[in-house]
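Okay, coords13.cif is below, mmCIF, C-alpha atoms:
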```cif
data_structure
#
loop_
_atom_site.label_atom_id
_atom_site.label_comp_id
_atom_site.auth_asym_id
_atom_site.auth_seq_id
_atom_site.Cartn_x
_atom_site.Cartn_y
_atom_site.Cartn_z
CA MET A 23 120.85 120.14 133.02
CA ALA A 24 118.91 117.11 134.15
CA VAL A 25 118.63 113.42 133.42
CA LYS A 26 116.50 112.68 130.36
CA VAL A 27 114.46 109.50 130.76
CA ARG A 28 112.82 107.95 127.71
CA PHE A 29 110.20 105.19 127.72
CA TYR A 30 109.58 102.56 125.08
CA GLY A 31 106.85 100.12 124.04
CA ARG A 32 104.56 99.00 126.83
CA PHE A 33 106.29 101.30 129.34
CA ARG A 34 105.68 104.33 127.12
CA GLU A 35 102.00 103.49 126.96
CA ILE A 36 101.75 102.96 130.72
CA ALA A 37 103.61 106.23 131.37
CA GLY A 38 101.46 108.07 128.85
CA ILE A 39 104.50 110.13 127.75
CA ASN A 40 107.62 109.55 125.68
CA GLU A 41 110.12 111.15 128.05
CA ILE A 42 110.59 113.17 131.21
CA LYS A 43 113.42 115.17 132.75
CA ILE A 44 114.52 114.36 136.27
CA ASP A 45 116.62 116.73 138.38
CA GLY A 46 119.46 115.37 140.44
CA LYS A 47 123.20 114.90 140.38
CA ASN A 48 125.04 111.59 140.54
CA LEU A 49 121.91 109.56 141.10
CA SER A 50 122.03 105.88 141.85
CA LEU A 51 119.82 103.75 139.59
CA GLU A 52 117.56 102.99 142.56
CA LYS A 53 117.18 106.68 143.37
CA LEU A 54 116.38 107.48 139.74
CA MET A 55 113.71 104.74 139.67
CA GLU A 56 112.23 106.19 142.86
CA LYS A 57 112.10 109.68 141.35
CA ILE A 58 110.49 108.38 138.16
CA SER A 59 107.90 106.51 140.24
CA ASN A 60 107.08 109.73 142.09
CA PHE A 61 106.35 111.46 138.77
CA ILE A 62 104.64 108.47 137.17
CA PRO A 63 103.05 106.32 139.91
CA GLN A 64 101.52 103.94 137.36
CA LEU A 65 105.07 102.76 136.54
CA GLU A 66 106.07 102.17 140.15
CA ASP A 67 105.36 98.42 140.27
CA GLU A 68 107.20 97.82 136.99
CA LEU A 69 110.24 99.82 138.15
CA ARG A 70 110.32 98.55 141.72
CA CYS A 71 109.70 94.86 141.01
CA GLY A 72 111.32 94.67 137.57
CA LYS A 73 114.39 92.48 137.15
CA ILE A 74 117.03 94.24 135.07
CA GLY A 75 117.92 92.19 132.01
CA ALA A 76 114.79 90.06 132.35
CA THR A 77 111.57 92.08 132.74
CA ILE A 78 113.10 95.53 132.32
CA PHE A 79 116.03 96.72 130.21
CA ILE A 80 117.82 99.96 131.03
CA ALA A 81 120.36 101.82 128.92
CA VAL A 82 122.42 104.75 130.20
CA ASN A 83 123.79 106.92 127.39
CA ASN A 84 123.03 104.16 124.90
CA VAL A 85 124.83 101.44 126.86
CA LEU A 86 122.78 98.64 128.37
CA VAL A 87 123.04 98.31 132.13
CA ASN A 88 124.54 94.95 132.98
CA PRO A 89 122.73 93.38 135.95
CA ASP A 90 125.79 91.30 136.82
CA LYS A 91 128.07 94.29 137.14
CA SER A 92 129.16 94.57 140.73
CA SER A 93 130.03 98.28 140.75
CA PRO A 94 127.07 100.58 141.47
CA ILE A 95 125.67 102.61 138.59
CA VAL A 96 125.88 106.38 138.98
CA ILE A 97 123.82 108.49 136.63
CA GLU A 98 125.43 111.85 136.01
CA ASP A 99 123.70 115.10 135.23
CA GLY A 100 122.99 115.35 131.49
CA SER A 101 122.70 111.61 131.01
CA GLN A 102 120.08 109.93 128.90
CA VAL A 103 118.37 106.88 130.38
CA ASP A 104 116.17 104.52 128.39
CA ILE A 105 113.57 102.35 130.13
CA MET A 106 112.63 99.43 127.91
CA PRO A 107 110.55 96.25 128.11
CA PRO A 108 112.12 92.94 127.04
CA PRO A 109 112.59 92.64 123.26
CA SER A 110 109.66 91.17 121.30
CA GLY A 111 110.57 91.92 117.71
CA GLY A 112 110.74 89.60 114.73
CA MET B 6 126.93 93.38 105.75
CA LYS B 7 123.79 95.49 105.58
CA ILE B 8 121.29 96.30 108.34
CA ILE B 9 118.04 98.11 107.62
CA ILE B 10 115.50 99.14 110.27
CA SER B 11 112.84 101.18 108.56
CA GLU B 12 109.16 101.80 107.92
CA ASN B 13 109.86 101.00 104.29
CA ILE B 14 111.79 97.80 103.93
CA GLU B 15 112.82 96.23 100.66
CA LYS B 16 111.37 93.01 99.27
CA PRO B 17 113.56 89.93 99.92
CA ASN B 18 114.26 89.35 96.22
CA LYS B 19 115.52 92.93 95.96
CA LEU B 20 117.77 92.33 98.97
CA LEU B 21 119.25 89.26 97.31
CA GLU B 22 120.49 91.50 94.51
CA ASN B 23 122.51 93.43 97.12
CA LEU B 24 124.15 90.33 98.51
CA SER B 25 127.85 90.08 97.81
CA LEU B 26 128.37 86.81 95.95
CA LYS B 27 132.05 87.38 95.32
CA GLY B 28 134.50 84.94 96.84
CA ASN B 29 134.09 81.35 97.83
CA ILE B 30 130.31 81.24 98.35
CA GLY B 31 128.40 77.98 97.98
CA ALA B 32 125.12 78.72 99.76
CA VAL B 33 122.65 81.53 100.31
CA LEU B 34 119.98 81.03 102.99
CA ALA B 35 117.12 83.27 104.00
CA PHE B 36 114.62 83.65 106.81
CA ILE B 37 111.54 85.70 105.93
CA GLY B 38 109.20 86.63 108.78
CA ILE B 39 105.61 87.42 107.77
CA VAL B 40 102.62 88.75 109.74
CA ARG B 41 100.33 85.80 110.52
CA GLU B 42 96.56 86.00 110.00
CA PHE B 43 95.71 84.60 113.45
CA SER B 44 97.21 85.25 116.89
CA GLU B 45 98.47 82.42 119.12
CA GLU B 46 95.03 82.51 120.80
CA GLY B 47 93.27 82.15 117.45
CA ASP B 48 92.02 85.75 117.15
CA LYS B 49 92.03 87.30 113.71
CA VAL B 50 94.94 89.74 113.46
CA VAL B 51 94.24 93.21 112.07
CA LYS B 52 97.81 94.56 112.12
CA LEU B 53 101.09 94.65 114.03
CA PHE B 54 102.95 97.71 115.21
CA TYR B 55 106.74 97.64 115.63
CA GLU B 56 108.81 100.11 117.63
CA ALA B 57 112.61 100.10 117.88
CA HIS B 58 115.15 101.96 119.96
CA PRO B 59 116.55 104.65 117.60
CA THR B 60 120.21 103.64 117.98
CA LEU B 61 120.51 100.56 120.18
CA ALA B 62 118.48 98.27 117.89
CA GLU B 63 120.92 98.68 115.01
CA LYS B 64 123.95 98.57 117.29
CA THR B 65 122.74 95.31 118.88
CA ILE B 66 122.00 93.68 115.52
CA GLU B 67 125.43 94.76 114.25
CA LYS B 68 127.10 93.00 117.18
CA ILE B 69 124.97 89.85 116.68
CA VAL B 70 125.91 89.72 112.99
CA GLU B 71 129.59 90.33 113.73
CA ASP B 72 129.56 87.49 116.28
CA ALA B 73 127.93 85.11 113.77
CA VAL B 74 130.30 86.11 110.95
CA LYS B 75 133.25 85.37 113.23
CA LYS B 76 131.81 82.13 114.64
CA TYR B 77 130.55 80.58 111.39
CA GLY B 78 132.77 82.28 108.81
CA LEU B 79 129.76 83.78 107.03
CA LYS B 80 130.68 85.64 103.86
CA ASP B 81 127.88 88.20 103.88
CA VAL B 82 124.76 88.96 105.93
CA ILE B 83 121.75 91.21 105.32
CA VAL B 84 119.21 91.98 108.04
CA GLU B 85 116.12 94.09 107.71
CA HIS B 86 113.36 94.75 110.22
CA LYS B 87 110.20 96.72 109.73
CA ILE B 88 109.07 99.41 112.16
CA GLY B 89 105.65 101.05 112.22
CA GLU B 90 102.47 99.33 111.09
CA ALA B 91 102.40 96.04 109.22
CA LYS B 92 99.42 94.25 107.70
CA VAL B 93 98.69 90.51 107.58
CA GLY B 94 100.87 88.84 104.96
CA GLU B 95 103.45 91.63 105.01
CA THR B 96 107.15 90.84 105.32
CA VAL B 97 108.51 92.32 108.56
CA PHE B 98 111.83 90.62 109.28
CA VAL B 99 114.41 89.25 106.84
CA VAL B 100 117.81 87.68 107.44
CA ILE B 101 119.90 86.48 104.51
CA VAL B 102 123.29 84.83 104.90
CA ALA B 103 125.89 83.78 102.34
CA SER B 104 128.35 81.06 103.33
CA LYS B 105 130.89 78.67 101.89
CA HIS B 106 128.82 75.57 102.77
CA ARG B 107 125.15 75.19 103.71
CA GLU B 108 125.90 73.78 107.19
CA GLU B 109 127.48 76.93 108.65
CA GLY B 110 124.88 78.98 106.79
CA TYR B 111 122.01 77.12 108.52
CA ARG B 112 123.61 77.46 111.94
CA GLY B 113 124.53 81.11 111.47
CA LEU B 114 121.07 81.99 110.16
CA ILE B 115 119.26 80.36 113.09
CA GLU B 116 121.57 82.03 115.61
CA ILE B 117 121.17 85.50 114.07
CA VAL B 118 117.36 85.21 113.89
CA ASP B 119 117.02 83.86 117.43
CA ARG B 120 119.41 86.40 118.96
CA ILE B 121 117.77 89.36 117.23
CA LYS B 122 114.36 88.28 118.53
CA ARG B 123 115.79 87.83 122.03
CA GLU B 124 118.24 90.75 122.29
CA ALA B 125 117.50 93.61 119.88
CA PRO B 126 115.43 96.41 121.49
CA ILE B 127 112.47 96.11 119.14
CA TRP B 128 108.90 95.72 120.40
CA LYS B 129 105.77 94.40 118.77
CA LYS B 130 102.15 95.26 119.50
CA GLU B 131 99.48 92.98 118.10
CA TYR B 132 96.05 94.29 117.14
CA THR B 133 93.35 91.66 116.73
CA VAL B 134 89.64 92.16 116.02
CA SER B 135 88.92 92.05 119.78
CA LYS B 136 91.96 93.58 121.54
CA SER B 137 95.48 94.96 121.32
CA TYR B 138 98.51 94.07 123.44
CA TRP B 139 102.29 94.28 123.50
CA LYS B 140 103.88 90.90 122.86
CA SER B 141 106.41 89.62 125.36
#
```
For the file at hand, write its structure as structure tokens.
Amino acid sequence: MAVKVRFYGRFREIAGINEIKIDGKNLSLEKLMEKISNFIPQLEDELRCGKIGATIFIAVNNVLVNPDKSSPIVIEDGSQVDIMPPPSGG
Amino acid sequence: MKIIISENIEKPNKLLENLSLKGNIGAVLAFIGIVREFSEEGDKVVKLFYEAHPTLAEKTIEKIVEDAVKKYGLKDVIVEHKIGEAKVGETVFVVIVASKHREEGYRGLIEIVDRIKREAPIWKKEYTVSKSYWKS
């Protein structure tokens, strides 16, 4: 098992791939971002400087990460994480 | 309530036929979003490309519609959003609401359209004659 990370829109194009698998158990969101950046350095600035809920949207198992939530986010083995730019539909 | 996110969306007049007009309905209002010929910078647009999250886009729109139905007492709502490529002049986003009076229909319609644009995980890439870029 691993964490499946999927990219959308602009982030998918920057990454050059639709998804990757990251090994690791009970990862913090910060640790996961660091691991993704190691695999895809061209996304590092977006992931490191991005503001969740403003310039970057993240969903864990189809639930959006709430930036105001005080409890730390732990990403379990087998989870699916979506990395998304801000909406621009319509 | 009906939500459609698809490469093949129905024409607005066809959607109107699906609207439930039973009950105490006095107004039907629609927003129809169309691909413009020129970008905000004045470049000629060739096409748009829409991408949506496979499950979260619909889930988010569902919640937005439910909120508006509750807040404004809307009787029925239909939302459709195109994904994939769209040409100039093509309909890409439709919201239709049925309400008892026009006032709550106007308010509900504006809120649903604005919130979908702001909150639903759908992304648009614009292709003009000189460049292409993701809109933000």
Run the PyMOL selection byres ((chain A and resi 45) around 12) mentally over the shown coordinates, then write out the matched residues as a PDB file with C-alpha atoms, keeping the file's coordinate frame, using the chain letters and numbers from the document.
```pdb
ATOM      1  CA  MET A  23     120.850 120.140 133.020  1.00  0.00           C
ATOM      2  CA  ALA A  24     118.910 117.110 134.150  1.00  0.00           C
ATOM      3  CA  VAL A  25     118.630 113.420 133.420  1.00  0.00           C
ATOM      4  CA  LYS A  26     116.500 112.680 130.360  1.00  0.00           C
ATOM      5  CA  VAL A  27     114.460 109.500 130.760  1.00  0.00           C
ATOM      6  CA  ILE A  42     110.590 113.170 131.210  1.00  0.00           C
ATOM      7  CA  LYS A  43     113.420 115.170 132.750  1.00  0.00           C
ATOM      8  CA  ILE A  44     114.520 114.360 136.270  1.00  0.00           C
ATOM      9  CA  GLY A  46     119.460 115.370 140.440  1.00  0.00           C
ATOM     10  CA  LYS A  47     123.200 114.900 140.380  1.00  0.00           C
ATOM     11  CA  ASN A  48     125.040 111.590 140.540  1.00  0.00           C
ATOM     12  CA  LEU A  49     121.910 109.560 141.100  1.00  0.00           C
ATOM     13  CA  LYS A  53     117.180 106.680 143.370  1.00  0.00           C
ATOM     14  CA  LEU A  54     116.380 107.480 139.740  1.00  0.00           C
ATOM     15  CA  LYS A  57     112.100 109.680 141.350  1.00  0.00           C
ATOM     16  CA  ILE A  58     110.490 108.380 138.160  1.00  0.00           C
ATOM     17  CA  PHE A  61     106.350 111.460 138.770  1.00  0.00           C
ATOM     18  CA  ILE A  97     123.820 108.490 136.630  1.00  0.00           C
ATOM     19  CA  GLU A  98     125.430 111.850 136.010  1.00  0.00           C
ATOM     20  CA  ASP A  99     123.700 115.100 135.230  1.00  0.00           C
ATOM     21  CA  GLY A 100     122.990 115.350 131.490  1.00  0.00           C
ATOM     22  CA  SER A 101     122.700 111.610 131.010  1.00  0.00           C
TER      23      SER A 101
END
```
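Computed from the coordinates, the CA of Glu85 (chain B) to CA of Arg120 (chain B) distance equals 14.0 Å.
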Work out how far CA of Val102 (chain B) is from CA of Leu61 (chain B), in Å to one decimal. 22.1 Å
Could you please select, counting only C-alpha atoms, the residues of chain A within 10 Å of chain B and state them as JSON, numbers by chain? {"A": [29, 30, 31, 32, 33, 35, 75, 77, 79, 81, 84, 85, 86, 104, 106, 107, 108, 109, 110, 111, 112]}
Output C-alpha atoms of each residue in that selection to a file, as a PDB file, keeping the file's coordinate frame.
```
ATOM      1  CA  PHE A  29     110.200 105.190 127.720  1.00  0.00           C
ATOM      2  CA  TYR A  30     109.580 102.560 125.080  1.00  0.00           C
ATOM      3  CA  GLY A  31     106.850 100.120 124.040  1.00  0.00           C
ATOM      4  CA  ARG A  32     104.560  99.000 126.830  1.00  0.00           C
ATOM      5  CA  PHE A  33     106.290 101.300 129.340  1.00  0.00           C
ATOM      6  CA  GLU A  35     102.000 103.490 126.960  1.00  0.00           C
ATOM      7  CA  GLY A  75     117.920  92.190 132.010  1.00  0.00           C
ATOM      8  CA  THR A  77     111.570  92.080 132.740  1.00  0.00           C
ATOM      9  CA  PHE A  79     116.030  96.720 130.210  1.00  0.00           C
ATOM     10  CA  ALA A  81     120.360 101.820 128.920  1.00  0.00           C
ATOM     11  CA  ASN A  84     123.030 104.160 124.900  1.00  0.00           C
ATOM     12  CA  VAL A  85     124.830 101.440 126.860  1.00  0.00           C
ATOM     13  CA  LEU A  86     122.780  98.640 128.370  1.00  0.00           C
ATOM     14  CA  ASP A 104     116.170 104.520 128.390  1.00  0.00           C
ATOM     15  CA  MET A 106     112.630  99.430 127.910  1.00  0.00           C
ATOM     16  CA  PRO A 107     110.550  96.250 128.110  1.00  0.00           C
ATOM     17  CA  PRO A 108     112.120  92.940 127.040  1.00  0.00           C
ATOM     18  CA  PRO A 109     112.590  92.640 123.260  1.00  0.00           C
ATOM     19  CA  SER A 110     109.660  91.170 121.300  1.00  0.00           C
ATOM     20  CA  GLY A 111     110.570  91.920 117.710  1.00  0.00           C
ATOM     21  CA  GLY A 112     110.740  89.600 114.730  1.00  0.00           C
TER      22      GLY A 112
END
```
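Of note, CA of Arg112 (chain B) and CA of Phe43 (chain B) are spaced 28.8 Å apart.
When all atoms listed in the file are used to compute distances to Val96 (chain A), the closest of the residues A:Ile62, A:Arg70, A:Asn83, A:Glu41 turns out to be A:Asn83.
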For the structure provided, state which residues fall under the PyMOL selection byres ((chain B and resi 29) around 6), and present them as a PDB file with C-alpha atoms, in the coordinates of the input.
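Writing done, so here's expr33.pdb:
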```pdb
ATOM      1  CA  GLY B  28     134.500  84.940  96.840  1.00  0.00           C
ATOM      2  CA  ILE B  30     130.310  81.240  98.350  1.00  0.00           C
ATOM      3  CA  LYS B 105     130.890  78.670 101.890  1.00  0.00           C
TER       4      LYS B 105
END
```
Centre and edge lengths, as JSON, for the axis-aligned box enclosing every listed atom of region 85-91 of chain A with 8 Å of padding on each of the six sides, in Å to one decimal?
```
{"center_x": 125.4, "center_y": 96.4, "center_z": 132.0, "size_x": 21.3, "size_y": 26.1, "size_z": 26.3}
```
Residues picked by the PyMOL selection byres ((chain B and resi 101) around 9) here, as an NGL selection string? :B and (17 or 20-21 or 24 or 33-37 or 81-84 or 99-100 or 102-103 or 114)
Could those selected residues go to a file with C-alpha atoms, as a compact mmCIF listing (two decimals), in the coordinates of the input?
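Written out: part_9.txt:
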```txt
# COMPACT_ATOMS: atom_id res chain seq x y z
CA PRO B 17 113.56 89.93 99.92
CA LEU B 20 117.77 92.33 98.97
CA LEU B 21 119.25 89.26 97.31
CA LEU B 24 124.15 90.33 98.51
CA VAL B 33 122.65 81.53 100.31
CA LEU B 34 119.98 81.03 102.99
CA ALA B 35 117.12 83.27 104.00
CA PHE B 36 114.62 83.65 106.81
CA ILE B 37 111.54 85.70 105.93
CA ASP B 81 127.88 88.20 103.88
CA VAL B 82 124.76 88.96 105.93
CA ILE B 83 121.75 91.21 105.32
CA VAL B 84 119.21 91.98 108.04
CA VAL B 99 114.41 89.25 106.84
CA VAL B 100 117.81 87.68 107.44
CA VAL B 102 123.29 84.83 104.90
CA ALA B 103 125.89 83.78 102.34
CA LEU B 114 121.07 81.99 110.16
```
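The shortest atom-to-atom distance to Glu109 (chain B), with all atoms listed in the file taken into account, belongs to B:Gly78 out of B:Glu95, B:Gly78, B:Asp48, B:Ile9.
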Counting only C-alpha atoms, find the residues whose atoms lie at most 12 Å from (94.2, 90.8, 121.2) (file coordinates) and write them out as a PyMOL selection string. chain B and resi 43-53+130-140
Because the input lacks atoms here, generate N, CA and C atoms for region 32-60 of chain B and report them as an mmCIF file, in the frame of the given file.
```cif
data_model
loop_
_atom_site.group_PDB
_atom_site.id
_atom_site.type_symbol
_atom_site.label_atom_id
_atom_site.label_comp_id
_atom_site.auth_asym_id
_atom_site.auth_seq_id
_atom_site.Cartn_x
_atom_site.Cartn_y
_atom_site.Cartn_z
ATOM 1 N N ALA B 32 126.510 78.801 99.288
ATOM 2 C CA ALA B 32 125.120 78.720 99.760
ATOM 3 C C ALA B 32 124.598 80.098 100.164
ATOM 4 N N VAL B 33 123.347 80.324 99.844
ATOM 5 C CA VAL B 33 122.650 81.530 100.310
ATOM 6 C C VAL B 33 121.360 81.068 100.974
ATOM 7 N N LEU B 34 121.159 81.465 102.235
ATOM 8 C CA LEU B 34 119.980 81.030 102.990
ATOM 9 C C LEU B 34 119.235 82.239 103.508
ATOM 10 N N ALA B 35 117.914 82.120 103.561
ATOM 11 C CA ALA B 35 117.120 83.270 104.000
ATOM 12 C C ALA B 35 116.026 82.865 104.972
ATOM 13 N N PHE B 36 115.786 83.742 105.948
ATOM 14 C CA PHE B 36 114.620 83.650 106.810
ATOM 15 C C PHE B 36 113.745 84.855 106.480
ATOM 16 N N ILE B 37 112.465 84.601 106.236
ATOM 17 C CA ILE B 37 111.540 85.700 105.930
ATOM 18 C C ILE B 37 110.368 85.615 106.896
ATOM 19 N N GLY B 38 110.277 86.596 107.790
ATOM 20 C CA GLY B 38 109.200 86.630 108.780
ATOM 21 C C GLY B 38 108.016 87.422 108.233
ATOM 22 N N ILE B 39 106.829 86.827 108.354
ATOM 23 C CA ILE B 39 105.610 87.420 107.770
ATOM 24 C C ILE B 39 104.549 87.550 108.864
ATOM 25 N N VAL B 40 103.702 88.558 108.768
ATOM 26 C CA VAL B 40 102.620 88.750 109.740
ATOM 27 C C VAL B 40 101.558 87.665 109.530
ATOM 28 N N ARG B 41 101.326 86.883 110.588
ATOM 29 C CA ARG B 41 100.330 85.800 110.520
ATOM 30 C C ARG B 41 98.898 86.352 110.574
ATOM 31 N N GLU B 42 97.955 85.575 110.037
ATOM 32 C CA GLU B 42 96.560 86.000 110.000
ATOM 33 C C GLU B 42 95.870 85.841 111.357
ATOM 34 N N PHE B 43 96.353 84.859 112.152
ATOM 35 C CA PHE B 43 95.710 84.600 113.450
ATOM 36 C C PHE B 43 96.741 84.650 114.573
ATOM 37 N N SER B 44 96.334 85.183 115.726
ATOM 38 C CA SER B 44 97.210 85.250 116.890
ATOM 39 C C SER B 44 97.370 83.838 117.466
ATOM 40 N N GLU B 45 98.256 83.717 118.469
ATOM 41 C CA GLU B 45 98.470 82.420 119.120
ATOM 42 C C GLU B 45 97.180 81.930 119.772
ATOM 43 N N GLU B 46 96.310 82.871 120.160
ATOM 44 C CA GLU B 46 95.030 82.510 120.800
ATOM 45 C C GLU B 46 93.931 82.251 119.772
ATOM 46 N N GLY B 47 94.246 82.426 118.496
ATOM 47 C CA GLY B 47 93.270 82.150 117.450
ATOM 48 C C GLY B 47 92.445 83.349 117.004
ATOM 49 N N ASP B 48 92.745 84.540 117.572
ATOM 50 C CA ASP B 48 92.020 85.750 117.150
ATOM 51 C C ASP B 48 92.517 86.224 115.784
ATOM 52 N N LYS B 49 91.626 86.771 115.022
ATOM 53 C CA LYS B 49 92.030 87.300 113.710
ATOM 54 C C LYS B 49 92.864 88.569 113.919
ATOM 55 N N VAL B 50 94.029 88.590 113.320
ATOM 56 C CA VAL B 50 94.940 89.740 113.460
ATOM 57 C C VAL B 50 94.555 90.825 112.448
ATOM 58 N N VAL B 51 94.531 92.067 112.941
ATOM 59 C CA VAL B 51 94.240 93.210 112.070
ATOM 60 C C VAL B 51 95.568 93.790 111.552
ATOM 61 N N LYS B 52 96.498 93.997 112.497
ATOM 62 C CA LYS B 52 97.810 94.560 112.120
ATOM 63 C C LYS B 52 98.792 94.374 113.279
ATOM 64 N N LEU B 53 100.056 94.586 112.985
ATOM 65 C CA LEU B 53 101.090 94.650 114.030
ATOM 66 C C LEU B 53 101.684 96.046 113.998
ATOM 67 N N PHE B 54 102.221 96.443 115.148
ATOM 68 C CA PHE B 54 102.950 97.710 115.210
ATOM 69 C C PHE B 54 104.325 97.424 115.823
ATOM 70 N N TYR B 55 105.376 97.846 115.134
ATOM 71 C CA TYR B 55 106.740 97.640 115.630
ATOM 72 C C TYR B 55 107.379 98.971 116.018
ATOM 73 N N GLU B 56 108.054 98.933 117.160
ATOM 74 C CA GLU B 56 108.810 100.110 117.630
ATOM 75 C C GLU B 56 110.229 99.645 117.929
ATOM 76 N N ALA B 57 111.212 100.467 117.606
ATOM 77 C CA ALA B 57 112.610 100.100 117.880
ATOM 78 C C ALA B 57 113.327 101.245 118.562
ATOM 79 N N HIS B 58 114.308 100.918 119.378
ATOM 80 C CA HIS B 58 115.150 101.960 119.960
ATOM 81 C C HIS B 58 115.924 102.615 118.799
ATOM 82 N N PRO B 59 115.992 103.957 118.772
ATOM 83 C CA PRO B 59 116.550 104.650 117.600
ATOM 84 C C PRO B 59 118.013 104.326 117.284
ATOM 85 N N THR B 60 118.797 103.956 118.282
ATOM 86 C CA THR B 60 120.210 103.640 117.980
ATOM 87 C C THR B 60 120.613 102.246 118.456
#
```
